[in-house]
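Take a look at the structure below.
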Amino acid sequence: SLHKAYLTKEDKYIKKSSLDSSVADKKPLAKFITLTDQVILKQLNQQFPQVQHEFDLTQLKDAELLQNIIQSGRCFWKNCYRPPLNFEETEQTAKEMLKVSGQFYIAIYQNTVFQFQQNQQTQRTSQIIDTKKEIIPKLSIQTVELHHNLLTNLHQETNIAKVTFLQNQKEFSFQDLSDGKIHADAKLLEMMARHLRQIEKLDSMYAHFELILLKEFHINDRYLDVDFREFVLLLVALKHEGWQIEIHKSFKLKQVKANNWYANVTSQDKQSNWFDLELGVMIDGQQVNILPFLVKAIKTGKFDINDHSDLSIKLEDGTNIGIQHHAVRQILSTLTELYDEKSLNKNNRLQFSSNQIIRLSQVQKSLEQNSETPLQWSDEFDFSSKSENLSKINQLQDINPPENLKASLRHYQLNGISWLQFLRENELGGILADDMGLGKTIQVLAHLLHEKNHKRLKKPCLIIVPTSLLSNWQDEINKFTPQLNTITLSGTNRHKFLKNIEQYDIVITSYGTFNRDVKKLKEYNFYYLILDEAQTIKNSKTQIAKAVSAISSDHRLCLTGTPIENHLGELWSLFNFLMPGFLGSLKQFETIYKIPIEKQSDTDRQADLRKRVEVFMLRRTKQQVAKEL
């Protein structure tokens, strides 16, 4: 009888539902039906034309069909709580065996089906190998096509290595030993085993393909699915060990360097800010999405971001694509979600939010440095032009200060306002980290006044500061930007102002007061959320760090006079507030940056991180701007 079942973690099958032979004719074919199932179902339909669930095996005429059913590893006696039936050939039957069909008998107590082969009374002549002479191992590398006469749609080429041994111009295999064609004593077995251990990194064909496809292959034939670089090194090493290497004329090993990159961006739905990214290379005019290959390389340990080797990926047609290490490292260190267990969706695409466009820009810039052509974009949302805009941050022109600003600004302060405008235009967050005394407050106030003058400041800006700086902010607003309508939330009377908070341009509060008012403040959407002395949230696990991240705002900004480049935990916490996900999860950040930099003194990784965040950090020291002071 036919059943659909699922395999438990304990490697036991549990029946889910009953099936009949028509399941093979349904289009599209169910995903759970394997190639072996397809062959068996076609053989059943040939012998039992009527659709049925149960089959009378005593009427079976095709010995190969019963053999295929048993060797599938999913044939059970009466119920699947038992182990699957085994299959053996025998030259004699026993009384306790029950006849199944034709020459097939079942020994229930052995859980085995035996195929009875009459003793032909012919004496095999076994070739004797002279163990006094050395045997020479041989590797014949070729490309073969997997096929089965009942699987007409199967067209799959694969690279294999056939393993044989030579002595006195005679060639024999391990299969010949199993078939009794050669006589082997302990010394010969040891000699063969020693050579086979040298290729143990090459998997058996039986580990990768269903048995139904392997009837023409020997037990020791090896599947070549190795990295191109590893493959060449292995051949050199084997030749040095005395192996004879034969490259068959059928062998196809295409190694193509990936130099032309593309990116496809599609929307998950028109109302959402979430998008799907496909990133890949162009090979012979065809797009090859490399994201699933990168995920596989991470999970199998095939690619180490700390190593400097290129990555080779193999396509179904046998083509090997070589991807330069620097490109893979940039992708993995920027698109950190690829390290997650379920990083890609069902279409093998990576999901990201619109505020993460800067990460695509950074990937693009890195890939184009060593590409023959610019990265080809295909998207509905013009991310390519947005990405191009982000590359202009180092070419900012100073803007004119607001005419109604009651202060004269120095050149570096005008540059700071231009930088703040750039971040706002591109919907990005940033850290203004000038030395104390260089006027971070006046730069922020001039920027907000500029926004009000251009009628963009239509909602209040929430500025959270240490208690000791409350009066300082209020004083500077009164002195330099009195046009900004401001309220300071402090004291027991502050709650009466919360009801009318939307009529103000700026709302100032302390970290302590904010913590007490956070539930009420979460009801509003602010134009800007600004943290002064932002190192207050350096520990991302604290209540205050979680609270500020819960506030809704169009833009976010951090101010600090403390250099944070060398405090990586603090750096991650601030960016997690500014642009959640930009540096990945804390675990990803620690794996990719914190541990290599702090514990392994990895200067390359440190340079990668600096390059990644430098756009969003503006820090001038007093020494740098001394001439303007």
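For the structure tokens, the naming scheme is as follows: chains receive sequential letters (A, B, ...) according to their order of presentation, residues are indexed from 1 within each chain, and ligands are indexed from 1 in presentation order.
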
Can you tell me which residues surround Lys239 of chain A at a distance of at most 12 Å, considering only C-alpha atoms, apart from same-chain residues fewer than 6 positions away, and format the answer as a short mmCIF file (atom, residue, chain, number, x, y, z; two decimals) with N, CA and C atoms, in the first residue's frame?
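Result file selection.cif:
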data_model
loop_
_atom_site.label_atom_id
_atom_site.label_comp_id
_atom_site.auth_asym_id
_atom_site.auth_seq_id
_atom_site.Cartn_x
_atom_site.Cartn_y
_atom_site.Cartn_z
N ILE A 136 49.46 0.83 -8.14
CA ILE A 136 49.41 2.26 -8.43
C ILE A 136 47.96 2.72 -8.44
N PRO A 137 47.59 3.67 -7.57
CA PRO A 137 46.21 4.17 -7.58
C PRO A 137 45.99 5.11 -8.77
N LYS A 138 44.79 5.05 -9.31
CA LYS A 138 44.48 5.86 -10.50
C LYS A 138 43.15 6.58 -10.28
N LEU A 139 43.12 7.84 -10.69
CA LEU A 139 41.91 8.65 -10.60
C LEU A 139 41.53 9.08 -12.01
N HIS A 195 45.57 4.00 0.17
CA HIS A 195 45.37 4.95 -0.93
C HIS A 195 44.00 5.62 -0.85
N GLN A 198 43.61 8.67 1.23
CA GLN A 198 44.15 9.91 0.67
C GLN A 198 43.09 10.73 -0.08
N ILE A 199 41.98 10.09 -0.42
CA ILE A 199 40.90 10.82 -1.11
C ILE A 199 39.62 10.82 -0.28
N VAL A 232 42.21 21.62 -7.67
CA VAL A 232 43.53 21.66 -8.30
C VAL A 232 44.62 21.27 -7.29
N LEU A 233 44.52 21.80 -6.08
CA LEU A 233 45.50 21.47 -5.05
C LEU A 233 45.47 19.99 -4.71
N ILE A 245 46.84 10.35 -12.66
CA ILE A 245 45.66 11.19 -12.89
C ILE A 245 45.31 11.17 -14.37
N GLU A 246 44.09 10.77 -14.67
CA GLU A 246 43.62 10.75 -16.06
C GLU A 246 42.43 11.70 -16.19
#

All strand (DSSP E) residues (DSSP, backbone) inside segment 79-273 of chain A, as a PyMOL selection string: chain A and resi 86-90+98-101+104-107+112-116+127-128+136-146+156-167+170-172+182-183+222-223+244-247+254-257+261-267

Point-to-point distance in Å for atom CA of Trp261 of chain A and atom CA of Glu425 of chain A: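 We find that atom CA of Glu425 of chain A and atom CA of Trp261 of chain A lie 27.8 Å from each other.
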
Show me, as an MDAnalysis selection string, the residues that have an atom within 12 Å of His495 of chain A when counting only C-alpha atoms, minus same-chain residues fewer than 6 positions from it. chainID A and resid 487:489 501 513:514 516:517 520:521

Can I get the selection written as a PDB file, in the first residue's frame, with N, CA and C atoms?
ATOM      1  N   ILE A 487       9.460  74.142  24.730  1.00  0.00           N
ATOM      2  CA  ILE A 487       8.984  73.835  26.074  1.00  0.00           C
ATOM      3  C   ILE A 487       9.957  72.857  26.727  1.00  0.00           C
ATOM      4  N   THR A 488      10.266  73.088  27.990  1.00  0.00           N
ATOM      5  CA  THR A 488      11.103  72.164  28.750  1.00  0.00           C
ATOM      6  C   THR A 488      10.216  71.392  29.720  1.00  0.00           C
ATOM      7  N   LEU A 489      10.240  70.058  29.587  1.00  0.00           N
ATOM      8  CA  LEU A 489       9.429  69.213  30.465  1.00  0.00           C
ATOM      9  C   LEU A 489      10.220  68.875  31.720  1.00  0.00           C
ATOM     10  N   ILE A 501       1.584  69.287  23.414  1.00  0.00           N
ATOM     11  CA  ILE A 501       2.978  69.163  22.992  1.00  0.00           C
ATOM     12  C   ILE A 501       3.168  69.437  21.503  1.00  0.00           C
ATOM     13  N   THR A 513      13.475  62.260  33.471  1.00  0.00           N
ATOM     14  CA  THR A 513      12.073  62.627  33.265  1.00  0.00           C
ATOM     15  C   THR A 513      11.485  61.863  32.083  1.00  0.00           C
ATOM     16  N   PHE A 514      12.271  61.727  31.028  1.00  0.00           N
ATOM     17  CA  PHE A 514      11.810  60.974  29.862  1.00  0.00           C
ATOM     18  C   PHE A 514      11.416  59.556  30.260  1.00  0.00           C
ATOM     19  N   ARG A 516      10.260  58.508  32.960  1.00  0.00           N
ATOM     20  CA  ARG A 516       8.984  58.494  33.675  1.00  0.00           C
ATOM     21  C   ARG A 516       7.802  58.830  32.760  1.00  0.00           C
ATOM     22  N   ASP A 517       8.077  59.577  31.681  1.00  0.00           N
ATOM     23  CA  ASP A 517       6.999  60.019  30.783  1.00  0.00           C
ATOM     24  C   ASP A 517       6.918  59.216  29.487  1.00  0.00           C
ATOM     25  N   LYS A 520       3.575  58.208  27.767  1.00  0.00           N
ATOM     26  CA  LYS A 520       2.834  59.307  27.158  1.00  0.00           C
ATOM     27  C   LYS A 520       3.523  59.786  25.881  1.00  0.00           C
ATOM     28  N   LEU A 521       4.844  59.882  25.913  1.00  0.00           N
ATOM     29  CA  LEU A 521       5.593  60.382  24.752  1.00  0.00           C
ATOM     30  C   LEU A 521       5.529  59.409  23.575  1.00  0.00           C
TER      31      LEU A 521
END

Atomic separation - atom CA of Ala263 of chain A relative to atom CA of Trp572 of chain A, Å: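 Between atom CA of Trp572 of chain A and atom CA of Ala263 of chain A the gap is 27.2 Å.
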
Please indicate the distance in Å from atom CA of Ile399 of chain A to atom CA of Gln364 of chain A, rounded to one decimal place.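 It comes out at 28.5 Å.
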
Skipping near chain neighbours, those fewer than 3 positions away, what residues fall within 12 Å of Glu565 of chain A using only C-alpha atoms, listed as a list of chain:residue names?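 Selected residues are A:Ile431, A:Ala433, A:Thr560, A:Gly561, A:Thr562, A:Leu568, A:Gly569, A:Glu570, A:Leu571, A:Trp572, A:Leu574, A:Phe575, A:Lys594, A:Ile597, A:Gln606, A:Ala607, A:Leu609, A:Arg610, A:Lys611, A:Arg612, A:Val613, A:Glu614, A:Phe616, A:Met617, A:Leu618, A:Arg619.
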
Selected residue, from A:Pro563, A:Gly430, A:Gly301, A:Gly512, that lies nearest to Val444 of chain A when counting only C-alpha atoms: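 Under the stated criterion, the closest residue is A:Gly430.
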
Compile the contact shell of segment 18-23 of chain A as number ranges by chain: residues with an atom at most 12 Å away, counting only C-alpha atoms, same-chain residues fewer than 4 positions apart removed. A: 1-5, 14, 27-33, 37-55

Would you save the residues from that selection as a short mmCIF file (atom, residue, chain, number, x, y, z; two decimals), in the first residue's frame, using C-alpha atoms?
data_model
loop_
_atom_site.label_atom_id
_atom_site.label_comp_id
_atom_site.auth_asym_id
_atom_site.auth_seq_id
_atom_site.Cartn_x
_atom_site.Cartn_y
_atom_site.Cartn_z
CA SER A 1 0.00 0.00 0.00
CA LEU A 2 1.08 3.60 -0.66
CA HIS A 3 1.31 6.23 2.07
CA LYS A 4 2.63 9.73 2.60
CA ALA A 5 4.75 9.97 5.76
CA ILE A 14 5.03 8.38 10.79
CA LYS A 27 0.84 18.37 -12.33
CA PRO A 28 2.87 19.88 -10.90
CA LEU A 29 4.40 16.86 -9.25
CA ALA A 30 4.29 17.00 -5.44
CA LYS A 31 7.61 18.13 -3.94
CA PHE A 32 7.83 15.13 -1.62
CA ILE A 33 7.98 12.67 -4.53
CA ASP A 37 9.31 7.38 -6.20
CA GLN A 38 8.76 8.47 -9.79
CA VAL A 39 10.41 5.33 -11.16
CA ILE A 40 8.51 3.02 -8.78
CA LEU A 41 5.17 4.71 -9.50
CA LYS A 42 5.71 4.43 -13.26
CA GLN A 43 6.62 0.75 -12.91
CA LEU A 44 3.51 0.17 -10.76
CA ASN A 45 1.30 1.93 -13.31
CA GLN A 46 2.74 -0.24 -16.08
CA GLN A 47 1.88 -3.46 -14.21
CA PHE A 48 -1.32 -2.23 -12.53
CA PRO A 49 -3.03 0.16 -15.00
CA GLN A 50 -5.98 0.86 -12.70
CA VAL A 51 -5.63 3.54 -10.03
CA GLN A 52 -5.30 1.82 -6.68
CA HIS A 53 -3.91 2.23 -3.16
CA GLU A 54 -3.01 -1.42 -2.49
CA PHE A 55 -1.16 -3.83 -4.81
#

Which of segment 383-559 of chain A end up as helix (DSSP H, G or I) when DSSP is run on this backbone - answer as a ChimeraX atom specification? /A:383-390,393-395,411-425,440-453,467-480,492-498,501-503,511-521,534-537,543-549

Residue nearest Leu277 of chain A among A:Lys365, A:Arg349, A:Lys314, A:Lys538 (counting only C-alpha atoms): A:Arg349

I'd like the contact shell of Gln543 of chain A - 12 Å cut-off, only C-alpha atoms, skipping same-chain residues fewer than 6 positions apart - returned as a compact mmCIF listing (two decimals) with N, CA and C atoms, in the first residue's frame.
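Saved file selection10.txt follows:
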# COMPACT_ATOMS: atom_id res chain seq x y z
N TYR A 511 16.90 62.75 30.70
CA TYR A 511 16.78 61.30 30.57
C TYR A 511 15.91 60.72 31.69
N GLY A 512 16.07 61.24 32.90
CA GLY A 512 15.28 60.74 34.02
C GLY A 512 13.81 61.02 33.85
N PHE A 514 12.27 61.73 31.03
CA PHE A 514 11.81 60.97 29.86
C PHE A 514 11.42 59.56 30.26
N ASN A 515 12.23 58.92 31.08
CA ASN A 515 11.95 57.55 31.50
C ASN A 515 10.60 57.45 32.20
N ARG A 516 10.26 58.51 32.96
CA ARG A 516 8.98 58.49 33.67
C ARG A 516 7.80 58.83 32.76
N VAL A 518 7.72 58.16 29.38
CA VAL A 518 7.86 57.48 28.09
C VAL A 518 6.54 56.95 27.54
N THR A 536 24.91 57.99 27.03
CA THR A 536 23.98 57.53 28.08
C THR A 536 23.36 56.18 27.70
N ILE A 537 23.21 55.92 26.40
CA ILE A 537 22.62 54.64 25.98
C ILE A 537 23.69 53.68 25.46
N SER A 549 14.49 53.98 21.94
CA SER A 549 14.29 53.30 20.66
C SER A 549 12.82 53.09 20.36
N ALA A 550 11.97 53.17 21.39
CA ALA A 550 10.54 52.94 21.20
C ALA A 550 9.79 54.19 20.76

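With only C-alpha atoms as the atoms that count, the minimum distance from Asn485 of chain A to the choices A:Ile69, A:Leu367, A:Leu311, A:Cys461 is reached by A:Cys461.
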
A:Val615, A:Leu470, A:Ala545, A:Leu189 ranked by distance to Gln395 of chain A, top pick (using only C-alpha atoms): A:Val615

Option closest in space to Lys479 of chain A, from A:Lys12, A:His240, A:Arg82, A:Lys406 [counting only C-alpha atoms]: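 Going through A:Lys12, A:His240, A:Arg82, A:Lys406 one by one, the smallest distance to Lys479 of chain A is for A:Lys406.
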
So that I can see what lies close to segment 435-441 of chain A, please list as a VMD selection string the residues with an atom at most 9 Å from it, counting only C-alpha atoms and leaving out residues fewer than 4 positions away in the same chain. chain A and resid 413 416 445 to 446 473 476 532 559 to 563 619 to 622 625 629

Could you check the closest approach to Pro460 of chain A for each of A:Ser490, A:Gln503, A:Asn404, A:Gln103 and tell me which residue wins, using only C-alpha atoms?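 So, comparing all the options, the nearest one is A:Gln503.
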